[in-house]
Amino acid sequence: MKICITSQGNDLESLVDPRFGRCAYFIIADPETMDFEAIDNKNAGSAGGAGIQSGQLVSEKGVKVVLTGNVGPNAFQTLNAAKIEVITGVSGTVKDAIMKYKNGEIQPISGPSVGSHFGMKGGT
């Protein structure tokens, strides 16, 4: 099974990025083997629609769960439509986040954790 962790860098020792749609990288990982792929998030600088575009990218990678700091309503709706579970409030390193997930220490949410445009300058 593949999970996605939003990341500030391109490896397992990087910090979890608190934003979903505008994170620096997506780490697509297998929590059992710890094999991973780092994807540069081309949507981070988008004028709009970053959450939706990022959700579509993650869905295309076959991800079943997203671990992140926060997720807005458009991204949450996109991920939910793709049947991808979302876990927010995640911090620390990517590796720590994967371990917390494997140990059942973090749980999926049922709605967005922040409002629209959270990751943009001037967003709330």
# chains A, B, ... in the order shown; residues from 1 in each chain; ligands from 1
>>> residues_around(residues="Ile98 in chain A", least_positions_apart="3", cutoff="10 Å", atoms="only C-alpha atoms", output="list in words")
Ile3, Cys4, Ile5, Leu12, Ala29, Asp30, Pro31, Glu32, Met34, Leu67, Val90, Thr93, Val94, Lys95, Tyr101, Lys102, Asn103, Gly104 and Ile106 of chain A
>>> residues_around(residues="Lys83 in chain A", least_positions_apart="2", cutoff="9 Å", atoms="only C-alpha atoms", output="count of residues only")
8
>>> closest_residue(among="A:Asn74, A:Ala44, A:Gly115, A:Ser110", to="Asp17 in chain A", atoms="only C-alpha atoms")
A:Ala44
>>> residues_around(residues="Ile28 in chain A", least_positions_apart="6", cutoff="10 Å", atoms="only C-alpha atoms", output="PDB file with N, CA and C atoms, in the first residue's frame")
ATOM      1  N   LYS A   2       0.465   2.239  -0.763  1.00  0.00           N
ATOM      2  CA  LYS A   2       1.211   3.496  -0.832  1.00  0.00           C
ATOM      3  C   LYS A   2       0.540   4.558   0.025  1.00  0.00           C
ATOM      4  N   ILE A   3       1.374   5.319   0.749  1.00  0.00           N
ATOM      5  CA  ILE A   3       0.890   6.483   1.467  1.00  0.00           C
ATOM      6  C   ILE A   3       1.678   7.698   0.985  1.00  0.00           C
ATOM      7  N   CYS A   4       1.105   8.877   1.173  1.00  0.00           N
ATOM      8  CA  CYS A   4       1.757  10.113   0.766  1.00  0.00           C
ATOM      9  C   CYS A   4       1.949  10.987   1.992  1.00  0.00           C
ATOM     10  N   ILE A   5       3.149  11.524   2.146  1.00  0.00           N
ATOM     11  CA  ILE A   5       3.448  12.447   3.228  1.00  0.00           C
ATOM     12  C   ILE A   5       3.907  13.754   2.601  1.00  0.00           C
ATOM     13  N   THR A   6       3.288  14.868   3.006  1.00  0.00           N
ATOM     14  CA  THR A   6       3.742  16.159   2.499  1.00  0.00           C
ATOM     15  C   THR A   6       5.053  16.497   3.201  1.00  0.00           C
ATOM     16  N   MET A  34       9.492   0.841   3.611  1.00  0.00           N
ATOM     17  CA  MET A  34      10.105   2.176   3.700  1.00  0.00           C
ATOM     18  C   MET A  34      10.723   2.617   2.374  1.00  0.00           C
ATOM     19  N   ASP A  35      10.423   1.909   1.284  1.00  0.00           N
ATOM     20  CA  ASP A  35      10.804   2.384  -0.045  1.00  0.00           C
ATOM     21  C   ASP A  35       9.981   3.632  -0.329  1.00  0.00           C
ATOM     22  N   PHE A  36      10.590   4.619  -0.992  1.00  0.00           N
ATOM     23  CA  PHE A  36       9.855   5.849  -1.256  1.00  0.00           C
ATOM     24  C   PHE A  36      10.309   6.523  -2.538  1.00  0.00           C
ATOM     25  N   GLU A  37       9.450   7.415  -3.009  1.00  0.00           N
ATOM     26  CA  GLU A  37       9.716   8.266  -4.170  1.00  0.00           C
ATOM     27  C   GLU A  37       9.396   9.687  -3.744  1.00  0.00           C
ATOM     28  N   ALA A  38      10.287  10.631  -4.034  1.00  0.00           N
ATOM     29  CA  ALA A  38      10.047  12.045  -3.745  1.00  0.00           C
ATOM     30  C   ALA A  38       9.616  12.740  -5.030  1.00  0.00           C
ATOM     31  N   ILE A  39       8.492  13.446  -4.964  1.00  0.00           N
ATOM     32  CA  ILE A  39       7.961  14.154  -6.127  1.00  0.00           C
ATOM     33  C   ILE A  39       7.944  15.644  -5.822  1.00  0.00           C
ATOM     34  N   VAL A  58      -1.722  12.985  -6.455  1.00  0.00           N
ATOM     35  CA  VAL A  58      -1.600  11.929  -5.449  1.00  0.00           C
ATOM     36  C   VAL A  58      -2.483  10.737  -5.821  1.00  0.00           C
ATOM     37  N   LYS A  61      -1.054   8.476  -8.417  1.00  0.00           N
ATOM     38  CA  LYS A  61       0.059   7.655  -7.931  1.00  0.00           C
ATOM     39  C   LYS A  61      -0.415   6.421  -7.163  1.00  0.00           C
ATOM     40  N   GLY A  62      -1.725   6.262  -7.019  1.00  0.00           N
ATOM     41  CA  GLY A  62      -2.259   5.085  -6.348  1.00  0.00           C
ATOM     42  C   GLY A  62      -2.180   5.123  -4.836  1.00  0.00           C
ATOM     43  N   VAL A  63      -2.116   6.319  -4.283  1.00  0.00           N
ATOM     44  CA  VAL A  63      -2.003   6.501  -2.840  1.00  0.00           C
ATOM     45  C   VAL A  63      -3.338   6.172  -2.170  1.00  0.00           C
ATOM     46  N   VAL A  65      -3.583   6.770   1.496  1.00  0.00           N
ATOM     47  CA  VAL A  65      -3.634   7.617   2.695  1.00  0.00           C
ATOM     48  C   VAL A  65      -2.690   8.792   2.498  1.00  0.00           C
ATOM     49  N   VAL A  66      -3.121   9.989   2.940  1.00  0.00           N
ATOM     50  CA  VAL A  66      -2.267  11.178   2.935  1.00  0.00           C
ATOM     51  C   VAL A  66      -2.023  11.604   4.378  1.00  0.00           C
TER      52      VAL A  66
END
>>> atom_distance(atom1="CA of Gly49 in chain A", atom2="CA of Leu15 in chain A")
24.0 Å
>>> residues_around(residues="Val71 in chain A", least_positions_apart="4", cutoff="12 Å", atoms="only C-alpha atoms", output="PDB file with N, CA and C atoms, in the first residue's frame")
ATOM      1  N   THR A   6       3.288  14.868   3.006  1.00  0.00           N
ATOM      2  CA  THR A   6       3.742  16.159   2.499  1.00  0.00           C
ATOM      3  C   THR A   6       5.053  16.497   3.201  1.00  0.00           C
ATOM      4  N   ASP A  17       5.650  18.898   5.739  1.00  0.00           N
ATOM      5  CA  ASP A  17       5.186  20.230   5.348  1.00  0.00           C
ATOM      6  C   ASP A  17       3.770  20.395   5.889  1.00  0.00           C
ATOM      7  N   PRO A  18       3.465  21.512   6.561  1.00  0.00           N
ATOM      8  CA  PRO A  18       2.136  21.699   7.133  1.00  0.00           C
ATOM      9  C   PRO A  18       1.042  21.953   6.099  1.00  0.00           C
ATOM     10  N   ARG A  19       1.406  22.140   4.835  1.00  0.00           N
ATOM     11  CA  ARG A  19       0.427  22.412   3.772  1.00  0.00           C
ATOM     12  C   ARG A  19       0.328  21.202   2.866  1.00  0.00           C
ATOM     13  N   PHE A  20      -0.875  20.926   2.379  1.00  0.00           N
ATOM     14  CA  PHE A  20      -1.029  19.851   1.406  1.00  0.00           C
ATOM     15  C   PHE A  20      -0.804  20.363  -0.012  1.00  0.00           C
ATOM     16  N   GLY A  21      -1.689  21.191  -0.507  1.00  0.00           N
ATOM     17  CA  GLY A  21      -1.653  21.617  -1.906  1.00  0.00           C
ATOM     18  C   GLY A  21      -0.402  22.365  -2.306  1.00  0.00           C
ATOM     19  N   ARG A  22       0.203  23.060  -1.365  1.00  0.00           N
ATOM     20  CA  ARG A  22       1.381  23.873  -1.662  1.00  0.00           C
ATOM     21  C   ARG A  22       2.643  23.380  -0.936  1.00  0.00           C
ATOM     22  N   CYS A  23       2.664  22.101  -0.592  1.00  0.00           N
ATOM     23  CA  CYS A  23       3.862  21.537   0.027  1.00  0.00           C
ATOM     24  C   CYS A  23       5.013  21.548  -0.981  1.00  0.00           C
ATOM     25  N   ALA A  50      -4.332  24.743  -6.390  1.00  0.00           N
ATOM     26  CA  ALA A  50      -3.215  23.874  -5.997  1.00  0.00           C
ATOM     27  C   ALA A  50      -3.691  22.633  -5.257  1.00  0.00           C
ATOM     28  N   GLY A  51      -4.696  22.783  -4.386  1.00  0.00           N
ATOM     29  CA  GLY A  51      -5.191  21.636  -3.628  1.00  0.00           C
ATOM     30  C   GLY A  51      -5.819  20.584  -4.515  1.00  0.00           C
ATOM     31  N   ILE A  52      -6.618  21.035  -5.473  1.00  0.00           N
ATOM     32  CA  ILE A  52      -7.272  20.109  -6.396  1.00  0.00           C
ATOM     33  C   ILE A  52      -6.238  19.407  -7.271  1.00  0.00           C
ATOM     34  N   SER A  54      -3.040  18.994  -6.711  1.00  0.00           N
ATOM     35  CA  SER A  54      -2.204  18.112  -5.893  1.00  0.00           C
ATOM     36  C   SER A  54      -2.956  16.842  -5.524  1.00  0.00           C
ATOM     37  N   GLY A  55      -4.251  16.973  -5.233  1.00  0.00           N
ATOM     38  CA  GLY A  55      -5.071  15.802  -4.939  1.00  0.00           C
ATOM     39  C   GLY A  55      -5.139  14.847  -6.118  1.00  0.00           C
ATOM     40  N   VAL A  66      -3.121   9.989   2.940  1.00  0.00           N
ATOM     41  CA  VAL A  66      -2.267  11.178   2.935  1.00  0.00           C
ATOM     42  C   VAL A  66      -2.023  11.604   4.378  1.00  0.00           C
ATOM     43  N   LEU A  67      -0.761  11.850   4.712  1.00  0.00           N
ATOM     44  CA  LEU A  67      -0.364  12.391   6.011  1.00  0.00           C
ATOM     45  C   LEU A  67       0.137  13.808   5.781  1.00  0.00           C
ATOM     46  N   ALA A  75      -9.024  20.446  -1.619  1.00  0.00           N
ATOM     47  CA  ALA A  75      -8.144  19.276  -1.628  1.00  0.00           C
ATOM     48  C   ALA A  75      -8.815  18.103  -0.925  1.00  0.00           C
ATOM     49  N   PHE A  76      -9.457  18.376   0.219  1.00  0.00           N
ATOM     50  CA  PHE A  76     -10.121  17.293   0.942  1.00  0.00           C
ATOM     51  C   PHE A  76     -11.197  16.647   0.075  1.00  0.00           C
ATOM     52  N   GLN A  77     -11.987  17.458  -0.607  1.00  0.00           N
ATOM     53  CA  GLN A  77     -13.056  16.934  -1.468  1.00  0.00           C
ATOM     54  C   GLN A  77     -12.473  16.077  -2.595  1.00  0.00           C
ATOM     55  N   THR A  78     -11.374  16.540  -3.197  1.00  0.00           N
ATOM     56  CA  THR A  78     -10.724  15.788  -4.275  1.00  0.00           C
ATOM     57  C   THR A  78     -10.202  14.444  -3.759  1.00  0.00           C
ATOM     58  N   LEU A  79      -9.532  14.473  -2.613  1.00  0.00           N
ATOM     59  CA  LEU A  79      -8.987  13.241  -2.037  1.00  0.00           C
ATOM     60  C   LEU A  79     -10.113  12.294  -1.604  1.00  0.00           C
ATOM     61  N   ASN A  80     -11.133  12.842  -0.990  1.00  0.00           N
ATOM     62  CA  ASN A  80     -12.267  12.039  -0.537  1.00  0.00           C
ATOM     63  C   ASN A  80     -12.956  11.364  -1.723  1.00  0.00           C
ATOM     64  N   GLU A  85      -7.837   8.330   2.290  1.00  0.00           N
ATOM     65  CA  GLU A  85      -7.980   8.799   3.666  1.00  0.00           C
ATOM     66  C   GLU A  85      -7.005   9.947   3.904  1.00  0.00           C
ATOM     67  N   VAL A  86      -7.407  10.905   4.736  1.00  0.00           N
ATOM     68  CA  VAL A  86      -6.574  12.066   5.043  1.00  0.00           C
ATOM     69  C   VAL A  86      -6.347  12.124   6.548  1.00  0.00           C
ATOM     70  N   ILE A  87      -5.094  12.258   6.928  1.00  0.00           N
ATOM     71  CA  ILE A  87      -4.720  12.409   8.334  1.00  0.00           C
ATOM     72  C   ILE A  87      -3.981  13.733   8.463  1.00  0.00           C
ATOM     73  N   THR A  88      -4.518  14.645   9.288  1.00  0.00           N
ATOM     74  CA  THR A  88      -3.892  15.954   9.495  1.00  0.00           C
ATOM     75  C   THR A  88      -3.307  16.045  10.902  1.00  0.00           C
ATOM     76  N   GLY A  89      -2.664  17.182  11.170  1.00  0.00           N
ATOM     77  CA  GLY A  89      -2.035  17.387  12.466  1.00  0.00           C
ATOM     78  C   GLY A  89      -0.706  16.681  12.585  1.00  0.00           C
ATOM     79  N   VAL A  90      -0.165  16.248  11.455  1.00  0.00           N
ATOM     80  CA  VAL A  90       1.084  15.487  11.438  1.00  0.00           C
ATOM     81  C   VAL A  90       2.261  16.460  11.419  1.00  0.00           C
ATOM     82  N   PRO A 108      -7.528   9.124  10.576  1.00  0.00           N
ATOM     83  CA  PRO A 108      -8.120   9.938   9.503  1.00  0.00           C
ATOM     84  C   PRO A 108      -9.132  10.949  10.036  1.00  0.00           C
ATOM     85  N   ILE A 109      -9.331  12.012   9.264  1.00  0.00           N
ATOM     86  CA  ILE A 109     -10.307  13.048   9.597  1.00  0.00           C
ATOM     87  C   ILE A 109     -11.504  12.916   8.669  1.00  0.00           C
ATOM     88  N   SER A 110     -12.592  13.617   9.011  1.00  0.00           N
ATOM     89  CA  SER A 110     -13.807  13.524   8.201  1.00  0.00           C
ATOM     90  C   SER A 110     -14.115  14.807   7.448  1.00  0.00           C
ATOM     91  N   GLY A 111     -13.213  15.793   7.513  1.00  0.00           N
ATOM     92  CA  GLY A 111     -13.429  17.050   6.808  1.00  0.00           C
ATOM     93  C   GLY A 111     -12.150  17.858   6.769  1.00  0.00           C
ATOM     94  N   PRO A 112     -12.145  18.991   6.064  1.00  0.00           N
ATOM     95  CA  PRO A 112     -10.940  19.817   5.960  1.00  0.00           C
ATOM     96  C   PRO A 112     -10.519  20.362   7.324  1.00  0.00           C
ATOM     97  N   SER A 113      -9.233  20.614   7.483  1.00  0.00           N
ATOM     98  CA  SER A 113      -8.718  21.131   8.757  1.00  0.00           C
ATOM     99  C   SER A 113      -8.503  22.637   8.729  1.00  0.00           C
ATOM    100  N   VAL A 114      -8.521  23.238   7.539  1.00  0.00           N
ATOM    101  CA  VAL A 114      -8.363  24.691   7.390  1.00  0.00           C
ATOM    102  C   VAL A 114      -9.278  25.182   6.273  1.00  0.00           C
ATOM    103  N   GLY A 115      -9.444  26.493   6.184  1.00  0.00           N
ATOM    104  CA  GLY A 115     -10.271  27.073   5.146  1.00  0.00           C
ATOM    105  C   GLY A 115      -9.551  27.158   3.818  1.00  0.00           C
ATOM    106  N   SER A 116     -10.263  27.633   2.815  1.00  0.00           N
ATOM    107  CA  SER A 116      -9.696  27.827   1.471  1.00  0.00           C
ATOM    108  C   SER A 116      -8.521  28.784   1.522  1.00  0.00           C
ATOM    109  N   HIS A 117      -7.545  28.571   0.663  1.00  0.00           N
ATOM    110  CA  HIS A 117      -6.395  29.462   0.469  1.00  0.00           C
ATOM    111  C   HIS A 117      -5.469  29.523   1.691  1.00  0.00           C
ATOM    112  N   PHE A 118      -5.496  28.499   2.547  1.00  0.00           N
ATOM    113  CA  PHE A 118      -4.662  28.476   3.741  1.00  0.00           C
ATOM    114  C   PHE A 118      -3.173  28.618   3.429  1.00  0.00           C
ATOM    115  N   GLY A 119      -2.675  27.913   2.428  1.00  0.00           N
ATOM    116  CA  GLY A 119      -1.239  27.895   2.140  1.00  0.00           C
ATOM    117  C   GLY A 119      -0.741  29.086   1.337  1.00  0.00           C
TER     118      GLY A 119
END
>>> select_by_dssp(residues="range 54-84 of chain A", states="strand (DSSP E)", output="MDAnalysis selection string")
chainID A and resid 63:67
>>> residues_around(residues="Gly92 in chain A", least_positions_apart="5", cutoff="9 Å", atoms="only C-alpha atoms", output="PDB file with C-alpha atoms, in the first residue's frame")
ATOM      1  CA  SER A  14      12.846  15.951   5.993  1.00  0.00           C
ATOM      2  CA  LEU A  15      10.195  17.720   8.042  1.00  0.00           C
ATOM      3  CA  VAL A  16       6.517  17.222   7.271  1.00  0.00           C
ATOM      4  CA  ALA A  97       5.068  10.321  10.544  1.00  0.00           C
TER       5      ALA A  97
END
>>> atom_distance(atom1="CA of Ile27 in chain A", atom2="CA of Asp11 in chain A")
7.4 Å
>>> closest_residue(among="A:Ile84, A:Met1, A:Leu57, A:Ala24", to="Gly45 in chain A", atoms="only C-alpha atoms")
A:Ala24
>>> select_by_dssp(residues="chain A", states="helix (DSSP H, G or I)", output="PyMOL selection string")
chain A and resi 50-60+73-81+94-102
>>> write_last_selection(atoms="N, CA and C atoms", output="PDB file, in the first residue's frame")
ATOM      1  N   ALA A  50      -4.332  24.743  -6.390  1.00  0.00           N
ATOM      2  CA  ALA A  50      -3.215  23.874  -5.997  1.00  0.00           C
ATOM      3  C   ALA A  50      -3.691  22.633  -5.257  1.00  0.00           C
ATOM      4  N   GLY A  51      -4.696  22.783  -4.386  1.00  0.00           N
ATOM      5  CA  GLY A  51      -5.191  21.636  -3.628  1.00  0.00           C
ATOM      6  C   GLY A  51      -5.819  20.584  -4.515  1.00  0.00           C
ATOM      7  N   ILE A  52      -6.618  21.035  -5.473  1.00  0.00           N
ATOM      8  CA  ILE A  52      -7.272  20.109  -6.396  1.00  0.00           C
ATOM      9  C   ILE A  52      -6.238  19.407  -7.271  1.00  0.00           C
ATOM     10  N   GLN A  53      -5.308  20.174  -7.843  1.00  0.00           N
ATOM     11  CA  GLN A  53      -4.278  19.593  -8.712  1.00  0.00           C
ATOM     12  C   GLN A  53      -3.387  18.628  -7.935  1.00  0.00           C
ATOM     13  N   SER A  54      -3.040  18.994  -6.711  1.00  0.00           N
ATOM     14  CA  SER A  54      -2.204  18.112  -5.893  1.00  0.00           C
ATOM     15  C   SER A  54      -2.956  16.842  -5.524  1.00  0.00           C
ATOM     16  N   GLY A  55      -4.251  16.973  -5.233  1.00  0.00           N
ATOM     17  CA  GLY A  55      -5.071  15.802  -4.939  1.00  0.00           C
ATOM     18  C   GLY A  55      -5.139  14.847  -6.118  1.00  0.00           C
ATOM     19  N   GLN A  56      -5.268  15.400  -7.320  1.00  0.00           N
ATOM     20  CA  GLN A  56      -5.307  14.576  -8.523  1.00  0.00           C
ATOM     21  C   GLN A  56      -3.975  13.863  -8.740  1.00  0.00           C
ATOM     22  N   LEU A  57      -2.862  14.565  -8.508  1.00  0.00           N
ATOM     23  CA  LEU A  57      -1.537  13.963  -8.657  1.00  0.00           C
ATOM     24  C   LEU A  57      -1.370  12.788  -7.703  1.00  0.00           C
ATOM     25  N   VAL A  58      -1.722  12.985  -6.455  1.00  0.00           N
ATOM     26  CA  VAL A  58      -1.600  11.929  -5.449  1.00  0.00           C
ATOM     27  C   VAL A  58      -2.483  10.737  -5.821  1.00  0.00           C
ATOM     28  N   SER A  59      -3.691  11.013  -6.281  1.00  0.00           N
ATOM     29  CA  SER A  59      -4.606   9.949  -6.691  1.00  0.00           C
ATOM     30  C   SER A  59      -4.015   9.132  -7.838  1.00  0.00           C
ATOM     31  N   GLU A  60      -3.420   9.812  -8.817  1.00  0.00           N
ATOM     32  CA  GLU A  60      -2.819   9.128  -9.964  1.00  0.00           C
ATOM     33  C   GLU A  60      -1.665   8.216  -9.561  1.00  0.00           C
ATOM     34  N   PRO A  73     -10.572  22.658   2.030  1.00  0.00           N
ATOM     35  CA  PRO A  73     -11.802  22.010   1.563  1.00  0.00           C
ATOM     36  C   PRO A  73     -11.739  21.460   0.139  1.00  0.00           C
ATOM     37  N   ASN A  74     -11.103  22.150  -0.789  1.00  0.00           N
ATOM     38  CA  ASN A  74     -11.043  21.657  -2.170  1.00  0.00           C
ATOM     39  C   ASN A  74     -10.168  20.420  -2.275  1.00  0.00           C
ATOM     40  N   ALA A  75      -9.024  20.446  -1.619  1.00  0.00           N
ATOM     41  CA  ALA A  75      -8.144  19.276  -1.628  1.00  0.00           C
ATOM     42  C   ALA A  75      -8.815  18.103  -0.925  1.00  0.00           C
ATOM     43  N   PHE A  76      -9.457  18.376   0.219  1.00  0.00           N
ATOM     44  CA  PHE A  76     -10.121  17.293   0.942  1.00  0.00           C
ATOM     45  C   PHE A  76     -11.197  16.647   0.075  1.00  0.00           C
ATOM     46  N   GLN A  77     -11.987  17.458  -0.607  1.00  0.00           N
ATOM     47  CA  GLN A  77     -13.056  16.934  -1.468  1.00  0.00           C
ATOM     48  C   GLN A  77     -12.473  16.077  -2.595  1.00  0.00           C
ATOM     49  N   THR A  78     -11.374  16.540  -3.197  1.00  0.00           N
ATOM     50  CA  THR A  78     -10.724  15.788  -4.275  1.00  0.00           C
ATOM     51  C   THR A  78     -10.202  14.444  -3.759  1.00  0.00           C
ATOM     52  N   LEU A  79      -9.532  14.473  -2.613  1.00  0.00           N
ATOM     53  CA  LEU A  79      -8.987  13.241  -2.037  1.00  0.00           C
ATOM     54  C   LEU A  79     -10.113  12.294  -1.604  1.00  0.00           C
ATOM     55  N   ASN A  80     -11.133  12.842  -0.990  1.00  0.00           N
ATOM     56  CA  ASN A  80     -12.267  12.039  -0.537  1.00  0.00           C
ATOM     57  C   ASN A  80     -12.956  11.364  -1.723  1.00  0.00           C
ATOM     58  N   ALA A  81     -13.121  12.086  -2.830  1.00  0.00           N
ATOM     59  CA  ALA A  81     -13.744  11.515  -4.030  1.00  0.00           C
ATOM     60  C   ALA A  81     -12.918  10.355  -4.587  1.00  0.00           C
ATOM     61  N   VAL A  94       9.362  13.001   8.180  1.00  0.00           N
ATOM     62  CA  VAL A  94       8.557  12.091   7.362  1.00  0.00           C
ATOM     63  C   VAL A  94       8.641  10.677   7.940  1.00  0.00           C
ATOM     64  N   LYS A  95       9.831  10.257   8.305  1.00  0.00           N
ATOM     65  CA  LYS A  95      10.025   8.921   8.876  1.00  0.00           C
ATOM     66  C   LYS A  95       9.206   8.746  10.155  1.00  0.00           C
ATOM     67  N   ASP A  96       9.217   9.753  11.036  1.00  0.00           N
ATOM     68  CA  ASP A  96       8.416   9.696  12.265  1.00  0.00           C
ATOM     69  C   ASP A  96       6.927   9.588  11.942  1.00  0.00           C
ATOM     70  N   ALA A  97       6.474  10.352  10.934  1.00  0.00           N
ATOM     71  CA  ALA A  97       5.068  10.321  10.544  1.00  0.00           C
ATOM     72  C   ALA A  97       4.666   8.928  10.067  1.00  0.00           C
ATOM     73  N   ILE A  98       5.527   8.291   9.291  1.00  0.00           N
ATOM     74  CA  ILE A  98       5.241   6.934   8.810  1.00  0.00           C
ATOM     75  C   ILE A  98       5.150   5.968   9.988  1.00  0.00           C
ATOM     76  N   MET A  99       6.056   6.104  10.945  1.00  0.00           N
ATOM     77  CA  MET A  99       6.042   5.216  12.112  1.00  0.00           C
ATOM     78  C   MET A  99       4.773   5.425  12.945  1.00  0.00           C
ATOM     79  N   LYS A 100       4.348   6.678  13.121  1.00  0.00           N
ATOM     80  CA  LYS A 100       3.113   6.948  13.870  1.00  0.00           C
ATOM     81  C   LYS A 100       1.914   6.330  13.150  1.00  0.00           C
ATOM     82  N   TYR A 101       1.916   6.414  11.833  1.00  0.00           N
ATOM     83  CA  TYR A 101       0.838   5.805  11.046  1.00  0.00           C
ATOM     84  C   TYR A 101       0.842   4.286  11.238  1.00  0.00           C
ATOM     85  N   LYS A 102       2.007   3.664  11.100  1.00  0.00           N
ATOM     86  CA  LYS A 102       2.113   2.208  11.235  1.00  0.00           C
ATOM     87  C   LYS A 102       1.667   1.740  12.617  1.00  0.00           C
TER      88      LYS A 102
END
>>> atom_distance(atom1="CA of Glu13 in chain A", atom2="CA of Ala82 in chain A")
28.3 Å
